[in-house]
Amino acid sequence: MIELEVNGVLREIDMPLDTPLLWVIRDGLRLAGTKFGCGMGLCGACTVHLDGQPVRSCLTPLSSAEGRRVTTIEGLGDGSSVATLHPVQQAWIEASVTQCGYCQSGQIMAAVALVDANPDPSDAEIDRALAGNLCRCGTYPRIRAAVRRAAELKRRGEAVVQTWDPAVAVAPVGGLPA
Amino acid sequence: MSDSINGPLLTRRALLKSSAVAGGGLVLGVNLTGCASSPPIADAGSLSPDAWLQITPDDRVIFQLDKTEMGQGVITSLPSLVAEELELDPGRIHIHLAPVHSRFQDPLQVTGGSTSIARRWEPVRQTGAAAREMLRAAAAERWDVPTAEIEVRDGVISHAASERSARYGELAEAAARQRVPQDPPLKDASAFRFIGRSVPRTDRVTKSTGEAVFGIDVGVNGAELPGLITAVVIRAPRFGAELQSFDGHTAREHPGVIDVFQISSGVAVLADGYWPARKGAEKVTARWSAGPIEHLDSASLEAAQRRALDEDSGRRVRNDGNFARAADAAERVIEAEYVVPHLAHATMEPMNCTAWMRNGTCDVWVPTQGPDIVQAVAAEAAKLPRDRVRVHSTLMGGGFGRRGIPDYAVEAVEIARLAGRPVKVVWSREDDMRHDFYRPATCNRLRAALGADGNVLGWEHRMVGPSIISNLVPDFLGALLPGWMPSGLTNVLGRAGGAVIRGRDSSSTEGAADLPYAIANVRVESLVHDPGIPVGFWRSVGHSQNAFVVESFVDEVAHAAGVDPVAFREQRLAGHPRHLATLRLAAEKADWGNPAPGRQQGVAVHASFGSYVTEIAEVSVENGRIRVHRVVCAVDCGLVVNPDIARAQMEGGIIFGLTAALKSHITLENGGVKQSNFHDYPLLRMDETPEIEVYFVDRDAPPSGVGEPGTPPIAPAVANAVYAATGQRLRRMPFTLDRA
Ligand code: FES
Ligand code: FES
């Protein structure tokens with residue numbers, strides 16, 4: 001049994017110690033926002049924060065996360081409205097960064113770590129911080145712009161103003177038969 | 001996917017019908033095929049399965065999306081079409097992902113070929129317009145006023161003179177009793193409020209909070225799939241190799257492993273999570289036969305393609321004038337050989353599928369571009385009739401053509417059938433890289449006949465490669481044939497169909513046979529050489545390689561003729577005003593001829609999927625490394641339904657094409673694939689991404705696709721810019737420079 005703090009809550013994990021944090025999060029804690037892309041630290045889809053630092057959860061064994069603070073995409077904001085999300089998420093929404101969306105949790109976690117540490121990152125710093133996060137859909141130009149915007153929102157302590165109603169229901173999967 | 005399997009563009013009108021759902025309000029369905037069929041297993045109280053649009057008495061407007069979402073934005077753009085005619089903010093529309101239904105097939109319920117908007121443009125707007133007119137008629141009847149005086153706006157129906165109004169939901173039941181207009185008036189483009197505007201993506205919030213549910217996430221955060229377990233599959237190391245024996249004893253003892261057994265594609269390891277399944281799989285020993293192509297590698301394949309070009313003339317897909325005579329009369333003939341490799345799709349979400357068989361039914365949750373193809377092959381794997389298989393499409397973490405092939409769904413159903421509980425098959429990145437249906441490798445020989453004045457007298461393009469369609473049809477024809485046909489017959493027909501289609505597959509010649517330039521003598525020949533590597537549709541299909549080959553050689557010819565590459569194209573595109581307009585727009589925006597200091601420009605023009613695109617790349621070459629700084633893209637895709645989504649698709653298409661131009665390729669080795677993950681199949685990264693500017697030609701022609709047309713021109717634009725910068729002609733992808 002290993003204890004970790006996940007998104008502010010202390011959790012007890014009963015999984016083999018060599019299990020990568022990615023699968024602890026997905027299969028053990030049932031948080032699906034953190035994605036599996038390569039399993040080898042090559043794509044960044046699985047990026048989470050360990051004590052505030054971005055890590056590749058697919059390469060982080062459970063044993064090395066013991067007693068530490070894990071933040072996943074689900075832990076960034078309470079999600080009750082766009083304004084309560086992290087400025088990075090707000091900027092992402094404002095710029096419609098996403099295409100398929102699969103890489104975006106990892107991109108956002110990498111960007112949050114950058115913007116939290118550096119209030120005014122240059123383009124080169126943004127490129128460096130996110131170069132390890134692959135996006136097959138090619139959303140990079142918007143990611144770059146959204147990170148700049150997120151930093152600006154954060155510096156000014158502002159939230160984005162939504163011009164369209166964001167509360168659109170998308171049925172997640174086809175309904176299950178009774 | 002290619003135009004070639006999707007049949008003629010659906011321009012006929014949808015046959016609208018209203019279906020009665022008790023308490024369901026107004027439900028409008030479509031029939032795209034014109035033939036009726038029994039509905040799928042209906043869930044009581046749910047949205048009628050064949051309906052596009054439902055307005056419920058509690059005032060919800062539900063749009064059932066029969067196309068699947070892989071990032072291209074149909075989840076936003078198609079509802080906008082209905083919203084426009086229904087006079088409702090698209091943000092208020094609830095979107096359901098549709099089940100398989102024959103009424104959605106035209107002829108397949110497939111998402112690909114950049115066809116979703118083009119084919120739905122009329123029928124989806126008609127559905128919205130019909131609902132609007134039925135609401136108006138219902139209000140007129142209830143208030144006893146002329147229909148002409150009824151206004152509809154933003155979810156409210158009103159009659160100004162009598163100051164009465166009602167929400168859509170309040171009139172939904174009454175509207176359902178009205179006659180369905182078959183030819184409802186469509187709004188004039190000048191009155192559009194949502195079409196042509198950048199309605200934001202409806203999935204942008206859930207995809208920024210981690211809540212969006214992809215195939216791989218099915219059942220992870222809910223209790224809806226009790227006892228869901230994970231399976232991984234050990235597959236053949238070489239194409240065509242058969243499993244001879246395996247030993248799963250040690251694997252079975254690994255903690256968490258539930259079972260190990262054989263399925264048609266290999267050995268399945270089932271466990272209570274991905275990690276124990278993967279660790280268990282490492283303990284399985286499997287013996288495989290050598291297989292039919294054990295000695296094949298990329299070099300021998302290329303040599304075989306060259307031999308084929310030496311020995312055979314191939315099928316003539318275009319023959320204007322007489323190339324041979326033009327070549328004889330020419331002052332000089334220039335020639336070149338272009339080679340493109342196999343490529344993997346490498347969607348960020350690896351292949352996966354969840355299946356559950358119980359009580360004589362089978363449920364499949366699957367990120368797919370072809371839900372009806374999944375249904376057909378799942379029924380066969382489940383040994384059930386098709387109407388006992390429910391396919392639940394999920395969001396896809398990328399598709400690019402890969403997810404039109406249902407191999408991973410077959411695995412899930414085979415495993416679920418034996419496991420007797422819900423099972424999710426998850427591929428590793430290595431599985432995904434090595435068991436793809438690859439963009440074909442091709443070899444191309446081109447010749448151009450030049451007159452004394454530099455005039456181009458003739459053009460010849462000879463190519464060799466496999467045929468995607470004949471490669472795929474034998475396996476997956478089942479989805480195209482009616483469900484009552486016995487599977488044995490389906491297989492026989494499949495093989496026969498493959499043989500008939502072989503050599504007539506336009507997906508290999510698209511973008512080459514339709515060379516737009518005014519040249520009197522044009523000969524294009526295509527040879528099929530298929531060594532047995534699985535090939536498939538890869539974003540923009542044949543255009544992806546043919547644009548590179550054709551537009552690079554056009555550049556060679558322009559330089560040989562001593563003419564500026566933009567001027568050369570302009571002079572020969574008079575008969576193609578839409579190509580020409582994008583060329584002029586791009587040249588103007590990129591300030592052609594005046595690149596930033598230290599950089600050079602290259603241009604390419606290419607039409608695909610009904611859209612016309614010119615891209616101009618600005619590159620520099622430093623220390624033997626190609627750096628793309630800026631790309632200007634001009635596109636004519638008809639009326640732009642959603643400029644922001646269209647721009648995103650062009651950006652994404654360009655970046656996808658840059659990966660192919662600069663970074664990655666698949667190498668065959670001993671009959672299998674050498675690459676395994678992103679270290680040896682690298683994708684373009686953020687720090688390598690140029691500034692991209694996208695401009696639209698102002699047109700009110702019916703909209704065409706944007707998912708694929710951005711990809712083809714970028715590789716030749718970059719290659720041509722590199723030639724301008726270094727004098728080196730890049731005739732092989734991905735590009736490598738001689739270190740001279
Ligand atoms: S899944 Fe961890 S870096 Fe790719
Ligand atoms: S949005 Fe699809 S991989 Fe990034």
# chains A, B, ... in the order shown; residues from 1 in each chain; ligands from 1
call {"tool": "closest_atom_pairs", "arguments": {"of": "stretch 86-154 of chain B", "to": "stretch 75-78 of chain B", "cutoff": "12 Å", "atoms": "only C-alpha atoms", "output": "Markdown table"}}
result
| residue | atom | partner | partner_atom | distance |
| --- | --- | --- | --- | --- |
| B:Asp89 | CA | B:Thr76 | CA | 11.6 |
| B:Pro90 | CA | B:Thr76 | CA | 7.9 |
| B:Gly91 | CA | B:Thr76 | CA | 8.9 |
| B:Arg92 | CA | B:Thr76 | CA | 11.4 |
| B:Ile93 | CA | B:Thr76 | CA | 9.8 |
| B:His94 | CA | B:Ile75 | CA | 10.3 |
| B:Ile95 | CA | B:Ile75 | CA | 7.5 |
| B:His96 | CA | B:Ile75 | CA | 9.3 |
| B:Leu97 | CA | B:Ile75 | CA | 8.9 |
| B:Ala98 | CA | B:Ile75 | CA | 11.4 |
| B:Thr111 | CA | B:Ile75 | CA | 11.9 |
| B:Thr115 | CA | B:Leu78 | CA | 11.7 |
| B:Ser116 | CA | B:Leu78 | CA | 8.2 |
| B:Ile117 | CA | B:Leu78 | CA | 7.0 |
| B:Ala118 | CA | B:Leu78 | CA | 10.5 |
| B:Arg119 | CA | B:Leu78 | CA | 10.6 |
| B:Arg120 | CA | B:Leu78 | CA | 7.6 |
| B:Trp121 | CA | B:Leu78 | CA | 8.2 |
| B:Glu122 | CA | B:Leu78 | CA | 10.9 |
| B:Pro123 | CA | B:Leu78 | CA | 10.6 |
| B:Val124 | CA | B:Leu78 | CA | 7.4 |
| B:Arg125 | CA | B:Leu78 | CA | 9.0 |
| B:Thr127 | CA | B:Leu78 | CA | 11.5 |
| B:Gly128 | CA | B:Leu78 | CA | 11.0 |
call {"tool": "residues_around", "arguments": {"residues": "A:Val160", "least_positions_apart": "3", "cutoff": "8 Å", "atoms": "only C-alpha atoms", "output": "list in words"}}
result
Ala83, Gln90, Ala91, Glu94 and Leu153 of chain A
call {"tool": "residues_near_ligand", "arguments": {"ligand": "ligand 1", "cutoff": "7 Å", "atoms": "only C-alpha atoms and all ligand atoms", "output": "list in words"}}
result
Lys35, Phe36, Gly37, Cys38, Gly39, Met40, Gly41, Leu42, Cys43, Gly44, Ala45, Cys46, Thr47, Arg56, Ser57, Cys58 and Leu59 of chain A
call {"tool": "write_last_selection", "arguments": {"atoms": "N, CA and C atoms", "output": "short mmCIF file (atom, residue, chain, number, x, y, z; two decimals), in the first residue's frame"}}
result
data_model
loop_
_atom_site.label_atom_id
_atom_site.label_comp_id
_atom_site.auth_asym_id
_atom_site.auth_seq_id
_atom_site.Cartn_x
_atom_site.Cartn_y
_atom_site.Cartn_z
N LYS A 35 -3.42 10.87 -20.71
CA LYS A 35 -3.49 9.96 -21.85
C LYS A 35 -2.22 9.14 -22.06
N PHE A 36 -2.42 8.00 -22.70
CA PHE A 36 -1.35 7.10 -23.10
C PHE A 36 -1.06 7.34 -24.59
N GLY A 37 0.18 7.70 -24.89
CA GLY A 37 0.51 7.93 -26.30
C GLY A 37 1.64 7.06 -26.79
N CYS A 38 2.66 6.84 -25.95
CA CYS A 38 3.83 6.10 -26.42
C CYS A 38 4.39 5.17 -25.37
N GLY A 39 4.21 5.49 -24.09
CA GLY A 39 4.73 4.64 -23.03
C GLY A 39 6.23 4.71 -22.88
N MET A 40 6.88 5.62 -23.60
CA MET A 40 8.34 5.68 -23.57
C MET A 40 8.89 7.08 -23.34
N GLY A 41 8.06 7.96 -22.84
CA GLY A 41 8.55 9.31 -22.58
C GLY A 41 8.81 10.12 -23.83
N LEU A 42 8.17 9.76 -24.95
CA LEU A 42 8.50 10.40 -26.22
C LEU A 42 7.45 11.37 -26.73
N CYS A 43 6.26 11.39 -26.11
CA CYS A 43 5.19 12.19 -26.71
C CYS A 43 4.57 13.23 -25.78
N GLY A 44 4.65 13.02 -24.49
CA GLY A 44 4.12 14.00 -23.54
C GLY A 44 2.63 13.91 -23.27
N ALA A 45 1.93 12.97 -23.90
CA ALA A 45 0.47 12.88 -23.69
C ALA A 45 0.13 12.58 -22.23
N CYS A 46 1.06 11.96 -21.52
CA CYS A 46 0.81 11.48 -20.16
C CYS A 46 1.30 12.48 -19.11
N THR A 47 1.64 13.71 -19.53
CA THR A 47 2.25 14.66 -18.60
C THR A 47 1.34 14.99 -17.41
N ARG A 56 6.71 12.83 -17.06
CA ARG A 56 6.07 11.85 -17.94
C ARG A 56 5.58 10.71 -17.05
N SER A 57 4.28 10.62 -16.85
CA SER A 57 3.78 9.63 -15.91
C SER A 57 3.99 8.20 -16.42
N CYS A 58 4.18 8.04 -17.74
CA CYS A 58 4.40 6.68 -18.26
C CYS A 58 5.77 6.14 -17.87
N LEU A 59 6.67 7.05 -17.46
CA LEU A 59 8.02 6.62 -17.08
C LEU A 59 8.26 6.76 -15.58
#
call {"tool": "closest_residue", "arguments": {"among": "A:His49, A:Arg11, A:Arg136, A:Arg148", "to": "chain B", "atoms": "only C-alpha atoms"}}
result
A:Arg136
call {"tool": "closest_residue", "arguments": {"among": "B:Asp407, B:Glu708, B:Glu349, B:Asp387", "to": "B:Gln649", "atoms": "only C-alpha atoms"}}
result
B:Glu708
call {"tool": "residues_around", "arguments": {"residues": "A:Arg149", "least_positions_apart": "3", "cutoff": "12 Å", "atoms": "only C-alpha atoms", "output": "ChimeraX atom specification"}}
result
/A:87-95,97,111,115,119-123,126,142-146,152-160
call {"tool": "residues_near_ligand", "arguments": {"ligand": "ligand 2", "cutoff": "7 Å", "atoms": "only C-alpha atoms and all ligand atoms", "output": "MDAnalysis selection string"}}
result
(chainID A and resid 98:104 134:139) or (chainID B and resid 71 347:348 397:398)
call {"tool": "write_last_selection", "arguments": {"atoms": "N, CA, C and O atoms", "output": "PDB file, in the first residue's frame"}}
result
ATOM      1  N   THR A  98      -7.891  23.009 -29.621  1.00  0.00           N
ATOM      2  CA  THR A  98      -7.986  21.560 -29.796  1.00  0.00           C
ATOM      3  C   THR A  98      -8.476  21.149 -31.178  1.00  0.00           C
ATOM      4  O   THR A  98      -9.296  21.825 -31.794  1.00  0.00           O
ATOM      5  N   GLN A  99      -7.950  20.037 -31.647  1.00  0.00           N
ATOM      6  CA  GLN A  99      -8.578  19.352 -32.784  1.00  0.00           C
ATOM      7  C   GLN A  99      -9.091  18.022 -32.244  1.00  0.00           C
ATOM      8  O   GLN A  99     -10.131  17.998 -31.603  1.00  0.00           O
ATOM      9  N   CYS A 100      -8.345  16.918 -32.461  1.00  0.00           N
ATOM     10  CA  CYS A 100      -8.865  15.667 -31.884  1.00  0.00           C
ATOM     11  C   CYS A 100      -8.865  15.753 -30.366  1.00  0.00           C
ATOM     12  O   CYS A 100      -9.686  15.140 -29.697  1.00  0.00           O
ATOM     13  N   GLY A 101      -7.927  16.498 -29.803  1.00  0.00           N
ATOM     14  CA  GLY A 101      -7.921  16.732 -28.364  1.00  0.00           C
ATOM     15  C   GLY A 101      -7.106  15.747 -27.553  1.00  0.00           C
ATOM     16  O   GLY A 101      -6.891  15.955 -26.359  1.00  0.00           O
ATOM     17  N   TYR A 102      -6.640  14.689 -28.198  1.00  0.00           N
ATOM     18  CA  TYR A 102      -6.025  13.615 -27.422  1.00  0.00           C
ATOM     19  C   TYR A 102      -4.735  14.053 -26.728  1.00  0.00           C
ATOM     20  O   TYR A 102      -4.464  13.653 -25.614  1.00  0.00           O
ATOM     21  N   CYS A 103      -3.946  14.891 -27.388  1.00  0.00           N
ATOM     22  CA  CYS A 103      -2.681  15.322 -26.788  1.00  0.00           C
ATOM     23  C   CYS A 103      -2.856  16.460 -25.805  1.00  0.00           C
ATOM     24  O   CYS A 103      -1.913  16.850 -25.128  1.00  0.00           O
ATOM     25  N   GLN A 104      -4.073  17.045 -25.772  1.00  0.00           N
ATOM     26  CA  GLN A 104      -4.204  18.362 -25.133  1.00  0.00           C
ATOM     27  C   GLN A 104      -4.040  18.335 -23.611  1.00  0.00           C
ATOM     28  O   GLN A 104      -3.542  19.303 -23.037  1.00  0.00           O
ATOM     29  N   LEU A 134       4.067  16.065 -28.383  1.00  0.00           N
ATOM     30  CA  LEU A 134       3.711  15.908 -29.794  1.00  0.00           C
ATOM     31  C   LEU A 134       2.220  16.115 -30.002  1.00  0.00           C
ATOM     32  O   LEU A 134       1.408  15.784 -29.144  1.00  0.00           O
ATOM     33  N   CYS A 135       1.881  16.682 -31.169  1.00  0.00           N
ATOM     34  CA  CYS A 135       0.482  16.796 -31.557  1.00  0.00           C
ATOM     35  C   CYS A 135       0.382  16.384 -33.017  1.00  0.00           C
ATOM     36  O   CYS A 135       0.888  17.081 -33.896  1.00  0.00           O
ATOM     37  N   ARG A 136      -0.246  15.248 -33.284  1.00  0.00           N
ATOM     38  CA  ARG A 136      -0.340  14.760 -34.653  1.00  0.00           C
ATOM     39  C   ARG A 136      -1.299  15.604 -35.484  1.00  0.00           C
ATOM     40  O   ARG A 136      -1.207  15.648 -36.699  1.00  0.00           O
ATOM     41  N   CYS A 137      -2.257  16.251 -34.811  1.00  0.00           N
ATOM     42  CA  CYS A 137      -3.210  17.089 -35.550  1.00  0.00           C
ATOM     43  C   CYS A 137      -2.596  18.422 -35.964  1.00  0.00           C
ATOM     44  O   CYS A 137      -3.186  19.150 -36.752  1.00  0.00           O
ATOM     45  N   GLY A 138      -1.440  18.768 -35.379  1.00  0.00           N
ATOM     46  CA  GLY A 138      -0.794  20.008 -35.779  1.00  0.00           C
ATOM     47  C   GLY A 138      -1.419  21.257 -35.175  1.00  0.00           C
ATOM     48  O   GLY A 138      -1.639  22.248 -35.867  1.00  0.00           O
ATOM     49  N   THR A 139      -1.684  21.233 -33.886  1.00  0.00           N
ATOM     50  CA  THR A 139      -2.264  22.417 -33.244  1.00  0.00           C
ATOM     51  C   THR A 139      -1.182  23.366 -32.718  1.00  0.00           C
ATOM     52  O   THR A 139      -1.502  24.330 -32.021  1.00  0.00           O
TER      53      THR A 139
ATOM     54  N   GLY B  71     -11.287  15.259 -34.848  1.00  0.00           N
ATOM     55  CA  GLY B  71     -10.505  16.476 -34.744  1.00  0.00           C
ATOM     56  C   GLY B  71     -10.824  17.452 -35.862  1.00  0.00           C
ATOM     57  O   GLY B  71     -10.516  18.640 -35.786  1.00  0.00           O
ATOM     58  N   THR B 347      -1.719   8.053 -35.253  1.00  0.00           N
ATOM     59  CA  THR B 347      -2.676   8.863 -34.495  1.00  0.00           C
ATOM     60  C   THR B 347      -2.206   8.896 -33.046  1.00  0.00           C
ATOM     61  O   THR B 347      -1.621   7.925 -32.569  1.00  0.00           O
ATOM     62  N   MET B 348      -2.431  10.010 -32.357  1.00  0.00           N
ATOM     63  CA  MET B 348      -1.919  10.080 -30.981  1.00  0.00           C
ATOM     64  C   MET B 348      -2.594   9.057 -30.078  1.00  0.00           C
ATOM     65  O   MET B 348      -1.984   8.535 -29.156  1.00  0.00           O
ATOM     66  N   GLY B 397      -9.003   9.984 -31.080  1.00  0.00           N
ATOM     67  CA  GLY B 397      -7.761  10.736 -30.926  1.00  0.00           C
ATOM     68  C   GLY B 397      -6.980  10.694 -32.234  1.00  0.00           C
ATOM     69  O   GLY B 397      -5.880  10.166 -32.308  1.00  0.00           O
ATOM     70  N   GLY B 398      -7.587  11.248 -33.275  1.00  0.00           N
ATOM     71  CA  GLY B 398      -7.007  11.239 -34.612  1.00  0.00           C
ATOM     72  C   GLY B 398      -7.508  10.061 -35.421  1.00  0.00           C
ATOM     73  O   GLY B 398      -7.841   9.000 -34.883  1.00  0.00           O
TER      74      GLY B 398
END
call {"tool": "select_by_dssp", "arguments": {"residues": "stretch 20-174 of chain A", "states": "strand (DSSP E or B)", "output": "number ranges by chain"}}
result
A: 20, 47-50, 53-56, 61, 69-71, 170
call {"tool": "write_last_selection", "arguments": {"atoms": "all heavy atoms", "output": "mmCIF file, in the first residue's frame"}}
result
data_model
loop_
_atom_site.group_PDB
_atom_site.id
_atom_site.type_symbol
_atom_site.label_atom_id
_atom_site.label_comp_id
_atom_site.auth_asym_id
_atom_site.auth_seq_id
_atom_site.Cartn_x
_atom_site.Cartn_y
_atom_site.Cartn_z
ATOM 1 N N PRO A 20 3.660 2.069 -13.792
ATOM 2 C CA PRO A 20 3.838 3.498 -14.096
ATOM 3 C C PRO A 20 2.669 4.325 -13.557
ATOM 4 O O PRO A 20 1.516 3.876 -13.599
ATOM 5 C CB PRO A 20 3.884 3.533 -15.617
ATOM 6 C CG PRO A 20 4.264 2.157 -16.031
ATOM 7 C CD PRO A 20 3.672 1.243 -15.007
ATOM 8 N N THR A 47 1.638 13.705 -19.530
ATOM 9 C CA THR A 47 2.248 14.663 -18.605
ATOM 10 C C THR A 47 1.338 14.988 -17.412
ATOM 11 O O THR A 47 0.172 15.337 -17.585
ATOM 12 C CB THR A 47 2.595 15.973 -19.350
ATOM 13 O OG1 THR A 47 3.419 15.646 -20.466
ATOM 14 C CG2 THR A 47 3.316 16.963 -18.433
ATOM 15 N N VAL A 48 1.886 14.852 -16.200
ATOM 16 C CA VAL A 48 1.211 15.287 -14.970
ATOM 17 C C VAL A 48 2.244 16.068 -14.160
ATOM 18 O O VAL A 48 3.412 16.148 -14.549
ATOM 19 C CB VAL A 48 0.682 14.092 -14.133
ATOM 20 C CG1 VAL A 48 -0.341 13.288 -14.928
ATOM 21 C CG2 VAL A 48 1.820 13.196 -13.654
ATOM 22 N N HIS A 49 1.812 16.641 -13.062
ATOM 23 C CA HIS A 49 2.772 17.333 -12.195
ATOM 24 C C HIS A 49 3.051 16.481 -10.966
ATOM 25 O O HIS A 49 2.132 15.919 -10.367
ATOM 26 C CB HIS A 49 2.219 18.678 -11.726
ATOM 27 C CG HIS A 49 2.007 19.647 -12.842
ATOM 28 N ND1 HIS A 49 1.425 20.876 -12.656
ATOM 29 C CD2 HIS A 49 2.296 19.565 -14.173
ATOM 30 C CE1 HIS A 49 1.360 21.509 -13.819
ATOM 31 N NE2 HIS A 49 1.869 20.734 -14.753
ATOM 32 N N LEU A 50 4.325 16.394 -10.623
ATOM 33 C CA LEU A 50 4.736 15.736 -9.389
ATOM 34 C C LEU A 50 5.385 16.828 -8.556
ATOM 35 O O LEU A 50 6.395 17.404 -8.987
ATOM 36 C CB LEU A 50 5.730 14.614 -9.746
ATOM 37 C CG LEU A 50 5.887 13.459 -8.774
ATOM 38 C CD1 LEU A 50 4.558 12.798 -8.468
ATOM 39 C CD2 LEU A 50 6.868 12.425 -9.342
ATOM 40 N N GLN A 53 6.106 19.879 -10.606
ATOM 41 C CA GLN A 53 6.991 19.785 -11.769
ATOM 42 C C GLN A 53 6.388 18.846 -12.810
ATOM 43 O O GLN A 53 5.880 17.782 -12.449
ATOM 44 C CB GLN A 53 8.361 19.227 -11.344
ATOM 45 C CG GLN A 53 9.143 20.162 -10.436
ATOM 46 C CD GLN A 53 9.372 21.518 -11.065
ATOM 47 O OE1 GLN A 53 9.817 21.614 -12.214
ATOM 48 N NE2 GLN A 53 9.042 22.581 -10.339
ATOM 49 N N PRO A 54 6.459 19.220 -14.098
ATOM 50 C CA PRO A 54 5.899 18.310 -15.111
ATOM 51 C C PRO A 54 6.746 17.045 -15.238
ATOM 52 O O PRO A 54 7.977 17.129 -15.300
ATOM 53 C CB PRO A 54 5.953 19.137 -16.399
ATOM 54 C CG PRO A 54 7.002 20.176 -16.165
ATOM 55 C CD PRO A 54 7.031 20.443 -14.690
ATOM 56 N N VAL A 55 6.090 15.891 -15.251
ATOM 57 C CA VAL A 55 6.796 14.619 -15.466
ATOM 58 C C VAL A 55 6.007 13.781 -16.463
ATOM 59 O O VAL A 55 4.813 13.988 -16.672
ATOM 60 C CB VAL A 55 6.966 13.803 -14.159
ATOM 61 C CG1 VAL A 55 7.822 14.549 -13.143
ATOM 62 C CG2 VAL A 55 5.611 13.433 -13.552
ATOM 63 N N ARG A 56 6.709 12.827 -17.064
ATOM 64 C CA ARG A 56 6.066 11.849 -17.939
ATOM 65 C C ARG A 56 5.579 10.709 -17.052
ATOM 66 O O ARG A 56 6.393 9.917 -16.565
ATOM 67 C CB ARG A 56 7.078 11.302 -18.957
ATOM 68 C CG ARG A 56 7.720 12.376 -19.820
ATOM 69 C CD ARG A 56 6.735 12.882 -20.841
ATOM 70 N NE ARG A 56 7.356 13.819 -21.764
ATOM 71 C CZ ARG A 56 7.106 15.119 -21.780
ATOM 72 N NH1 ARG A 56 6.276 15.664 -20.902
ATOM 73 N NH2 ARG A 56 7.679 15.891 -22.684
ATOM 74 N N PRO A 61 7.631 5.301 -12.085
ATOM 75 C CA PRO A 61 7.038 4.172 -11.361
ATOM 76 C C PRO A 61 6.338 4.635 -10.091
ATOM 77 O O PRO A 61 6.730 5.635 -9.482
ATOM 78 C CB PRO A 61 8.235 3.275 -11.035
ATOM 79 C CG PRO A 61 9.440 4.128 -11.214
ATOM 80 C CD PRO A 61 9.089 5.256 -12.120
ATOM 81 N N ARG A 69 3.026 14.803 -4.244
ATOM 82 C CA ARG A 69 1.818 15.475 -4.679
ATOM 83 C C ARG A 69 1.659 15.314 -6.185
ATOM 84 O O ARG A 69 2.501 15.767 -6.951
ATOM 85 C CB ARG A 69 1.968 16.960 -4.358
ATOM 86 C CG ARG A 69 0.786 17.586 -3.689
ATOM 87 C CD ARG A 69 1.083 18.965 -3.060
ATOM 88 N NE ARG A 69 2.356 19.584 -3.338
ATOM 89 C CZ ARG A 69 2.591 20.455 -4.324
ATOM 90 N NH1 ARG A 69 1.640 20.804 -5.161
ATOM 91 N NH2 ARG A 69 3.791 20.986 -4.470
ATOM 92 N N VAL A 70 0.581 14.666 -6.611
ATOM 93 C CA VAL A 70 0.331 14.460 -8.036
ATOM 94 C C VAL A 70 -0.815 15.371 -8.463
ATOM 95 O O VAL A 70 -1.855 15.411 -7.805
ATOM 96 C CB VAL A 70 -0.060 12.995 -8.318
ATOM 97 C CG1 VAL A 70 -0.361 12.796 -9.805
ATOM 98 C CG2 VAL A 70 1.021 12.041 -7.843
ATOM 99 N N THR A 71 -0.605 16.122 -9.544
ATOM 100 C CA THR A 71 -1.710 16.904 -10.105
ATOM 101 C C THR A 71 -1.960 16.428 -11.531
ATOM 102 O O THR A 71 -1.035 16.367 -12.342
ATOM 103 C CB THR A 71 -1.380 18.404 -10.136
ATOM 104 O OG1 THR A 71 -0.913 18.790 -8.838
ATOM 105 C CG2 THR A 71 -2.601 19.231 -10.482
ATOM 106 N N VAL A 170 -22.180 17.259 -24.937
ATOM 107 C CA VAL A 170 -21.754 16.310 -25.949
ATOM 108 C C VAL A 170 -21.876 14.940 -25.311
ATOM 109 O O VAL A 170 -21.206 14.662 -24.336
ATOM 110 C CB VAL A 170 -20.298 16.553 -26.380
ATOM 111 C CG1 VAL A 170 -19.857 15.490 -27.359
ATOM 112 C CG2 VAL A 170 -20.157 17.934 -26.983
#
call {"tool": "residues_around", "arguments": {"residues": "B:Ala607", "least_positions_apart": "6", "cutoff": "10 Å", "atoms": "only C-alpha atoms", "output": "ChimeraX atom specification"}}
result
/B:510-511,514-516,543,547,578-579,613-614,635-637,709-710,712-713
call {"tool": "residues_around", "arguments": {"residues": "stretch 73-77 of chain A", "least_positions_apart": "3", "cutoff": "7 Å", "atoms": "only C-alpha atoms", "output": "list in words"}}
result
Asn7, Gly33, Thr34, Thr84, Leu85, His86, Ser105 and Met109 of chain A; Thr209 and Gly210 of chain B
